[in-house]
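Source file: data_4.txt. Holds: compact mmCIF, C-alpha atoms and all ligand atoms.
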```txt
# COMPACT_ATOMS: atom_id res chain seq x y z
CA MET R 24 102.23 122.96 103.89
CA ASN R 25 101.94 119.65 105.77
CA THR R 26 105.42 119.46 107.33
CA PHE R 27 106.87 116.80 109.65
CA ARG R 28 106.16 117.25 113.37
CA TRP R 29 107.71 115.91 116.58
CA GLY R 30 106.56 112.40 117.52
CA GLU R 31 105.32 111.26 114.10
CA TRP R 32 106.87 108.48 112.01
CA VAL R 33 109.02 109.10 108.96
CA ALA R 34 110.26 106.61 106.36
CA LEU R 35 113.92 107.57 105.80
CA THR R 36 114.35 106.37 102.22
CA SER R 37 117.69 105.94 100.44
CA GLN R 38 118.13 106.70 96.75
CA LYS R 39 117.91 102.94 96.05
CA GLY R 40 114.60 102.74 97.93
CA ARG R 41 115.83 101.12 101.17
CA LYS R 42 113.63 102.31 104.06
CA TRP R 43 113.97 102.87 107.80
CA LEU R 44 110.81 103.76 109.75
CA VAL R 45 111.88 106.10 112.55
CA ARG R 46 109.94 108.15 115.10
CA ILE R 47 110.87 111.83 115.10
CA GLU R 48 112.47 112.35 118.50
CA GLU R 49 115.54 114.29 119.58
CA GLY R 50 118.88 112.63 118.82
CA PRO R 51 120.75 110.91 116.02
CA TYR R 52 119.61 107.98 113.85
CA SER R 53 122.32 105.83 112.32
CA SER R 54 122.38 103.16 109.63
CA HIS R 55 125.19 101.84 107.44
CA LEU R 56 124.57 104.92 105.23
CA GLY R 57 125.52 107.28 108.08
CA THR R 58 123.81 109.44 110.68
CA ILE R 59 121.17 112.12 110.55
CA GLN R 60 119.91 114.25 113.45
CA MET R 61 116.20 113.54 113.79
CA GLU R 62 115.41 117.08 114.97
CA ASP R 63 116.44 118.24 111.48
CA VAL R 64 113.40 116.36 110.07
CA VAL R 65 110.96 118.60 111.98
CA GLY R 66 109.53 121.28 109.70
CA LYS R 67 110.69 119.56 106.50
CA GLU R 68 108.15 119.01 103.74
CA GLU R 69 107.26 115.43 102.76
CA GLY R 70 109.48 114.37 99.83
CA ASP R 71 112.32 116.67 100.88
CA TYR R 72 115.68 115.10 101.85
CA LEU R 73 118.56 115.28 104.33
CA ASP R 74 122.14 114.11 103.74
CA THR R 75 123.81 111.82 106.28
CA ASN R 76 127.26 112.59 107.72
CA LYS R 77 128.59 110.10 105.11
CA GLY R 78 126.98 112.08 102.27
CA ALA R 79 124.14 109.64 101.52
CA ARG R 80 120.83 111.25 100.53
CA MET R 81 117.78 110.27 102.60
CA PHE R 82 114.33 111.22 101.31
CA LEU R 83 111.66 111.93 103.92
CA PHE R 84 108.27 110.29 103.33
CA ARG R 85 105.33 109.43 105.54
CA PRO R 86 105.14 105.61 105.82
CA THR R 87 102.52 103.90 103.66
CA LEU R 88 100.44 101.03 105.05
CA GLU R 89 102.74 98.64 103.13
CA ASP R 90 105.79 100.18 104.87
CA TYR R 91 104.08 99.79 108.23
CA ILE R 92 103.02 96.16 107.66
CA PHE R 93 106.56 95.09 106.76
CA SER R 94 108.06 96.96 109.73
CA MET R 95 105.58 95.82 112.41
CA ASN R 96 106.03 92.89 114.76
CA ARG R 97 105.03 89.83 112.71
CA HIS R 98 104.54 86.76 114.88
CA THR R 99 102.62 84.84 112.17
CA GLN R 100 102.64 84.62 108.41
CA ILE R 101 100.83 87.70 107.07
CA ILE R 102 98.80 88.32 103.95
CA TYR R 103 101.06 90.05 101.43
CA PRO R 104 100.15 93.51 100.06
CA LYS R 105 99.44 92.17 96.53
CA ASP R 106 96.80 89.85 98.01
CA LEU R 107 95.52 92.49 100.45
CA GLY R 108 94.81 94.78 97.49
CA ALA R 109 92.90 92.02 95.66
CA ILE R 110 90.96 91.06 98.79
CA ILE R 111 89.80 94.65 99.32
CA PHE R 112 88.71 95.00 95.68
CA TYR R 113 87.23 91.57 94.94
CA GLY R 114 85.76 91.49 98.45
CA ASP R 115 84.02 94.73 97.48
CA ILE R 116 84.86 96.35 100.80
CA GLN R 117 83.18 99.68 101.24
CA PRO R 118 82.46 102.07 104.10
CA GLY R 119 79.62 100.81 106.30
CA CYS R 120 80.29 97.06 105.76
CA THR R 121 80.07 94.61 108.66
CA ILE R 122 83.00 92.22 108.34
CA LEU R 123 83.92 89.04 110.21
CA GLU R 124 87.54 87.86 109.96
CA SER R 125 89.40 84.85 111.39
CA GLY R 126 92.21 84.50 112.49
CA ILE R 127 93.77 87.82 113.15
CA GLY R 128 97.42 86.61 113.12
CA SER R 129 99.61 89.72 113.13
CA GLY R 130 96.78 92.03 112.06
CA ALA R 131 97.91 92.80 108.49
CA LEU R 132 94.50 92.06 106.94
CA SER R 133 92.70 93.80 109.82
CA LEU R 134 94.72 96.96 109.14
CA ALA R 135 93.83 96.92 105.43
CA LEU R 136 90.14 96.29 106.18
CA LEU R 137 89.96 99.01 108.84
CA ARG R 138 91.60 101.49 106.51
CA ALA R 139 89.06 100.64 103.78
CA LEU R 140 86.16 101.06 106.23
CA CYS R 141 87.32 104.66 106.92
CA GLY R 142 86.08 104.58 110.54
CA THR R 143 82.59 103.32 109.58
CA GLY R 144 80.91 99.88 109.74
CA ARG R 145 82.35 97.17 111.94
CA LEU R 146 85.18 94.62 111.91
CA ILE R 147 85.02 91.59 114.20
CA SER R 148 88.22 89.55 114.37
CA VAL R 149 88.01 86.06 115.88
CA GLU R 150 91.34 84.61 117.01
CA LYS R 151 91.95 81.31 118.82
CA ARG R 152 95.22 82.28 120.50
CA PRO R 153 94.87 85.12 123.05
CA GLU R 154 98.58 86.03 122.80
CA PHE R 155 98.20 86.58 119.02
CA ALA R 156 95.05 88.63 119.63
CA ARG R 157 97.00 90.81 122.10
CA LYS R 158 99.97 91.31 119.76
CA ALA R 159 97.74 92.11 116.79
CA ARG R 160 95.90 94.68 118.90
CA GLU R 161 99.25 96.31 119.70
CA ASN R 162 100.14 96.50 116.00
CA ILE R 163 96.74 97.97 115.13
CA SER R 164 96.58 100.56 117.91
CA LYS R 165 100.17 101.63 117.19
CA TYR R 166 99.18 102.30 113.57
CA PHE R 167 95.96 104.21 114.33
CA GLY R 168 97.25 105.83 117.55
CA ALA R 169 94.41 104.12 119.53
CA ASN R 170 92.10 101.09 119.25
CA PRO R 171 89.65 101.86 116.42
CA PRO R 172 86.15 102.02 117.98
CA ASN R 173 84.66 99.98 115.09
CA HIS R 174 86.99 97.00 115.75
CA ASP R 175 86.33 94.10 118.16
CA ILE R 176 88.83 91.30 118.72
CA ILE R 177 87.31 88.16 120.22
CA SER R 178 89.43 85.29 121.57
CA ALA R 179 87.55 82.19 120.40
CA ASP R 180 87.71 79.20 118.08
CA ILE R 181 85.90 80.14 114.87
CA GLN R 182 84.82 76.51 114.43
CA ASP R 183 82.58 76.87 117.46
CA PHE R 184 81.74 80.56 117.34
CA HIS R 185 78.25 81.92 118.01
CA MET R 186 77.10 85.50 117.71
CA ASN R 187 73.95 87.33 116.72
CA LEU R 188 75.44 88.56 113.45
CA LYS R 189 74.67 88.74 109.74
CA ALA R 190 77.95 89.96 108.27
CA ASP R 191 78.26 91.42 104.77
CA ARG R 192 81.74 89.90 104.33
CA ILE R 193 83.71 87.04 105.85
CA PHE R 194 87.49 86.55 105.50
CA LEU R 195 89.22 83.34 106.53
CA ASP R 196 92.99 82.97 106.81
CA LEU R 197 93.15 79.67 108.67
CA PRO R 198 95.12 76.43 108.31
CA GLU R 199 91.88 74.40 107.97
CA PRO R 200 89.25 76.89 106.79
CA TRP R 201 86.80 74.18 105.67
CA HIS R 202 86.22 73.26 109.33
CA ALA R 203 84.90 76.82 109.91
CA ILE R 204 82.32 76.86 107.12
CA ALA R 205 79.47 75.22 109.06
CA SER R 206 79.89 77.83 111.80
CA VAL R 207 80.39 80.95 109.65
CA SER R 208 77.67 80.12 107.11
CA ARG R 209 75.17 81.10 109.86
CA LEU R 210 76.90 84.45 110.42
CA ILE R 211 76.70 85.89 106.89
CA ARG R 212 73.70 87.49 105.17
CA HIS R 213 72.28 86.10 101.94
CA GLY R 214 74.23 87.67 99.08
CA GLY R 215 77.23 88.24 101.36
CA LEU R 216 80.75 87.41 100.14
CA LEU R 217 83.17 84.98 101.73
CA LEU R 218 86.89 85.08 100.88
CA SER R 219 89.55 82.67 102.01
CA LEU R 220 93.30 82.59 101.45
CA SER R 221 95.14 79.25 101.48
CA PRO R 222 98.65 78.37 100.31
CA ASN R 223 97.87 74.78 99.21
CA VAL R 224 95.57 73.64 96.45
CA GLY R 225 94.38 70.69 98.59
CA GLN R 226 92.96 73.24 101.05
CA VAL R 227 91.17 74.97 98.17
CA GLN R 228 89.47 71.72 97.11
CA MET R 229 88.35 70.97 100.66
CA MET R 230 86.90 74.50 100.80
CA PHE R 231 85.05 74.07 97.52
CA LYS R 232 83.29 70.94 98.76
CA GLU R 233 82.35 72.48 102.09
CA LEU R 234 81.21 75.82 100.62
CA LYS R 235 78.93 74.02 98.17
CA THR R 236 77.19 72.07 100.89
CA HIS R 237 76.64 75.15 103.05
CA GLY R 238 74.75 77.40 100.66
CA PHE R 239 77.56 79.14 98.77
CA ALA R 240 77.54 79.62 94.99
CA ASN R 241 79.74 81.31 92.35
CA ILE R 242 82.82 79.74 93.90
CA THR R 243 85.97 80.97 92.15
CA THR R 244 89.68 80.67 92.94
CA PHE R 245 92.63 82.68 91.66
CA GLU R 246 96.19 83.52 92.53
CA LEU R 247 98.20 86.64 91.81
CA LEU R 248 101.84 86.81 90.73
CA LYS R 249 103.67 90.11 91.20
CA ARG R 250 106.94 90.38 89.30
CA ASP R 251 109.10 93.42 90.02
CA TRP R 252 111.22 94.96 87.29
CA MET R 253 114.58 96.68 87.41
CA VAL R 254 114.34 99.84 85.32
CA ASP R 255 116.99 102.51 84.88
CA GLU R 256 118.73 104.29 81.98
CA ARG R 257 120.61 101.11 80.96
CA ARG R 258 118.31 98.24 81.89
CA ALA R 259 114.64 97.30 81.81
CA ARG R 260 114.09 93.69 82.83
CA PRO R 261 112.48 91.59 85.57
CA ILE R 262 114.54 91.30 88.77
CA ASP R 263 116.20 87.91 89.34
CA ARG R 264 114.11 86.86 92.33
CA MET R 265 110.44 87.11 93.26
CA VAL R 266 107.96 85.98 95.90
CA ALA R 267 106.62 83.34 93.55
CA HIS R 268 103.78 81.98 95.67
CA THR R 269 101.75 83.31 98.57
CA GLY R 270 98.30 81.75 98.37
CA PHE R 271 95.12 81.03 96.46
CA ILE R 272 92.18 83.34 97.05
CA THR R 273 88.78 81.66 97.00
CA LEU R 274 85.66 83.77 96.66
CA ALA R 275 82.06 82.60 97.18
CA LYS R 276 78.58 84.11 97.55
CA ARG R 277 76.05 83.05 100.16
CA THR R 278 72.64 82.04 98.85
CA PRO R 279 69.44 81.32 100.81
CA ARG R 280 69.68 77.62 99.88
CA LEU R 281 71.61 75.29 102.14
CA PHE R 282 72.46 72.57 99.64
CA ILE R 283 73.28 73.51 96.08
CA GLU R 284 73.08 70.71 93.53
CA GLY R 285 75.46 70.36 90.57
CA SER R 286 78.86 71.92 90.05
CA SER R 287 79.63 75.63 90.19
CA GLY R 288 80.81 75.47 86.55
CA GLU R 289 78.65 76.54 83.58
C1 LIG R 301 98.23 83.01 109.01
S1 LIG R 301 97.59 83.68 110.48
C2 LIG R 301 96.54 85.00 109.92
C3 LIG R 301 97.33 86.18 109.42
C4 LIG R 301 96.51 87.43 109.21
N1 LIG R 301 95.51 87.26 108.18
C5 LIG R 301 97.41 88.61 108.85
O1 LIG R 301 97.32 89.11 107.71
O2 LIG R 301 98.21 89.03 109.69
C6 LIG R 301 96.42 82.46 110.96
C7 LIG R 301 95.77 82.77 112.32
O3 LIG R 301 94.64 81.94 112.49
C8 LIG R 301 94.55 81.58 113.86
N2 LIG R 301 93.68 80.39 113.95
C9 LIG R 301 93.98 79.12 113.54
N3 LIG R 301 92.91 78.31 113.74
C10 LIG R 301 91.93 79.08 114.29
C11 LIG R 301 90.59 78.82 114.71
N4 LIG R 301 90.07 77.59 114.62
N5 LIG R 301 89.86 79.85 115.22
C12 LIG R 301 90.38 81.10 115.30
N6 LIG R 301 91.65 81.40 114.93
C13 LIG R 301 92.42 80.41 114.42
C14 LIG R 301 96.00 81.35 114.24
O4 LIG R 301 96.17 81.38 115.64
C15 LIG R 301 96.69 82.51 113.52
O5 LIG R 301 96.74 83.64 114.34
```

Output the file's structure in the form of structure tokens.
Amino acid sequence: MNTFRWGEWVALTSQKGRKWLVRIEEGPYSSHLGTIQMEDVVGKEEGDYLDTNKGARMFLFRPTLEDYIFSMNRHTQIIYPKDLGAIIFYGDIQPGCTILESGIGSGALSLALLRALCGTGRLISVEKRPEFARKARENISKYFGANPPNHDIISADIQDFHMNLKADRIFLDLPEPWHAIASVSRLIRHGGLLLSLSPNVGQVQMMFKELKTHGFANITTFELLKRDWMVDERRARPIDRMVAHTGFITLAKRTPRLFIEGSSGE
């Protein structure tokens, strides 16, 4: 049985799904639902529960990556889990890939990519602001317990970035990604995939133009809407509010040709 141990993190989860990520150390932990003694968590099985001194039930789960991303120090806008999932799948991330990403922001995408690489391949994150690079590194090493050996963070401007590299995948989460295309088109292998996330459709159009003139084909753009539902014995309906817009994901494939004539449509 894989029971909770001293020093690890637990997601204390109320019956309504509210979560508190707490390290298992000696002493009490209090919220508006009451107090539990953290030493009582040690030896409990995942999914078991403890009751607070106010009688509220707290389930004990190991935090998921989504739990961690929403609890970590976020000094920039992050890529939301619904988009992270799509990026991993449509970006066809697999163990062994060499990936170039810019910028690193708070490290949410880096965490998802590193998890998908399963300790293999390589992730290179290029970030213009050294203080963001430092904070993202803290978030990432806190999650993995150490700096992953297959991850390099480089403080540089991606628009003027040079490296002896032919990446399999490139991810851009930048305010002006089209200014990075001339630079990154040299750093990706033929057949490699480039993905970019932008909140505004004007950015997407600028990207399309730039990608086309730098040897990219099959340029497609989509967005994902995630609508949560409230389901119990009495009700089954969408909740009143949702995160209605995060960003557009643009996907393109690098070809050996530098200038591609015609439109990407059929
Ligand atoms: C929205 S944040 C990225 C968030 C990140 N994808 C995440 O999920 O946490 C954008 C980042 O791009 C960085 N950035 C902006 N322009 C850049 C450039 N020209 N070169 C490198 N990094 C840049 C910013 O400093 C910022 O950290």

Distance filter 7 Å around ligand LIG 301 (chain R), atoms: only C-alpha atoms and all ligand atoms, out as a ChimeraX atom specification: /R:99-102,125-133,149-152,155,179-182,196-198

If we count all atoms listed in the file, what is near Val45 of chain R at a cut-off of 7 Å, once residues fewer than 6 positions away on the same chain are taken out, given as number ranges by chain? R: 32-34

Tell me, as a short mmCIF file (atom, residue, chain, number, x, y, z; two decimals) with C-alpha atoms, keeping the file's coordinate frame, which residues lie within 10 Å of Val224 of chain R, counting all atoms listed in the file; anything in the same chain fewer than 6 positions away does not count.
```cif
data_model
loop_
_atom_site.label_atom_id
_atom_site.label_comp_id
_atom_site.auth_asym_id
_atom_site.auth_seq_id
_atom_site.Cartn_x
_atom_site.Cartn_y
_atom_site.Cartn_z
CA MET R 230 86.90 74.50 100.80
CA THR R 244 89.68 80.67 92.94
CA GLY R 270 98.30 81.75 98.37
CA PHE R 271 95.12 81.03 96.46
#
```

Around the point (111.4, 115.6, 106.7), in the coordinates given by the file, pick out the residues reaching within 8 Å, counting all atoms listed in the file, and return them as a ChimeraX atom specification. /R:26-27,33,63-73,82-84

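Residues in contact with segment 248-251 of chain R at 12 Å, where all atoms listed in the file are counted and same-chain residues fewer than 2 positions away are skipped, are listed as Tyr103, Pro104, Lys105, Asp106, Gly108, Ala109, Phe245, Glu246, Met253, Val254, Ala259, Arg260, Pro261, Ile262, Asp263, Arg264, Met265, Val266, Ala267, His268, Thr269, Gly270 and Phe271 of chain R.
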
Just write the chosen residues, C-alpha atoms, as an mmCIF file, in the coordinates of the input.
```cif
data_model
loop_
_atom_site.group_PDB
_atom_site.id
_atom_site.type_symbol
_atom_site.label_atom_id
_atom_site.label_comp_id
_atom_site.auth_asym_id
_atom_site.auth_seq_id
_atom_site.Cartn_x
_atom_site.Cartn_y
_atom_site.Cartn_z
ATOM 1 C CA TYR R 103 101.060 90.050 101.430
ATOM 2 C CA PRO R 104 100.150 93.510 100.060
ATOM 3 C CA LYS R 105 99.440 92.170 96.530
ATOM 4 C CA ASP R 106 96.800 89.850 98.010
ATOM 5 C CA GLY R 108 94.810 94.780 97.490
ATOM 6 C CA ALA R 109 92.900 92.020 95.660
ATOM 7 C CA PHE R 245 92.630 82.680 91.660
ATOM 8 C CA GLU R 246 96.190 83.520 92.530
ATOM 9 C CA MET R 253 114.580 96.680 87.410
ATOM 10 C CA VAL R 254 114.340 99.840 85.320
ATOM 11 C CA ALA R 259 114.640 97.300 81.810
ATOM 12 C CA ARG R 260 114.090 93.690 82.830
ATOM 13 C CA PRO R 261 112.480 91.590 85.570
ATOM 14 C CA ILE R 262 114.540 91.300 88.770
ATOM 15 C CA ASP R 263 116.200 87.910 89.340
ATOM 16 C CA ARG R 264 114.110 86.860 92.330
ATOM 17 C CA MET R 265 110.440 87.110 93.260
ATOM 18 C CA VAL R 266 107.960 85.980 95.900
ATOM 19 C CA ALA R 267 106.620 83.340 93.550
ATOM 20 C CA HIS R 268 103.780 81.980 95.670
ATOM 21 C CA THR R 269 101.750 83.310 98.570
ATOM 22 C CA GLY R 270 98.300 81.750 98.370
ATOM 23 C CA PHE R 271 95.120 81.030 96.460
#
```

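With all atoms listed in the file as the atoms that count, the residue of R:Ala139, R:Ile116, R:Ile122, R:Ile272 with the shortest distance to Asn223 of chain R is R:Ile272.
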
Could you jot down the atom CA of Ile92 of chain R to atom CA of Leu140 of chain R separation for me, Å, one decimal place? 17.6 Å

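Minimum distance to Pro86 of chain R across R:Tyr113, R:Trp43, R:Trp29, R:Phe282 (counting all atoms listed in the file) occurs at R:Trp43.
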
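Rounded to one decimal, atom CA of Asn162 of chain R and atom CA of Leu188 of chain R lie 26.1 Å from each other.
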
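The spacing separating atom CA of Glu48 of chain R from atom CA of Leu35 of chain R amounts to 13.6 Å.
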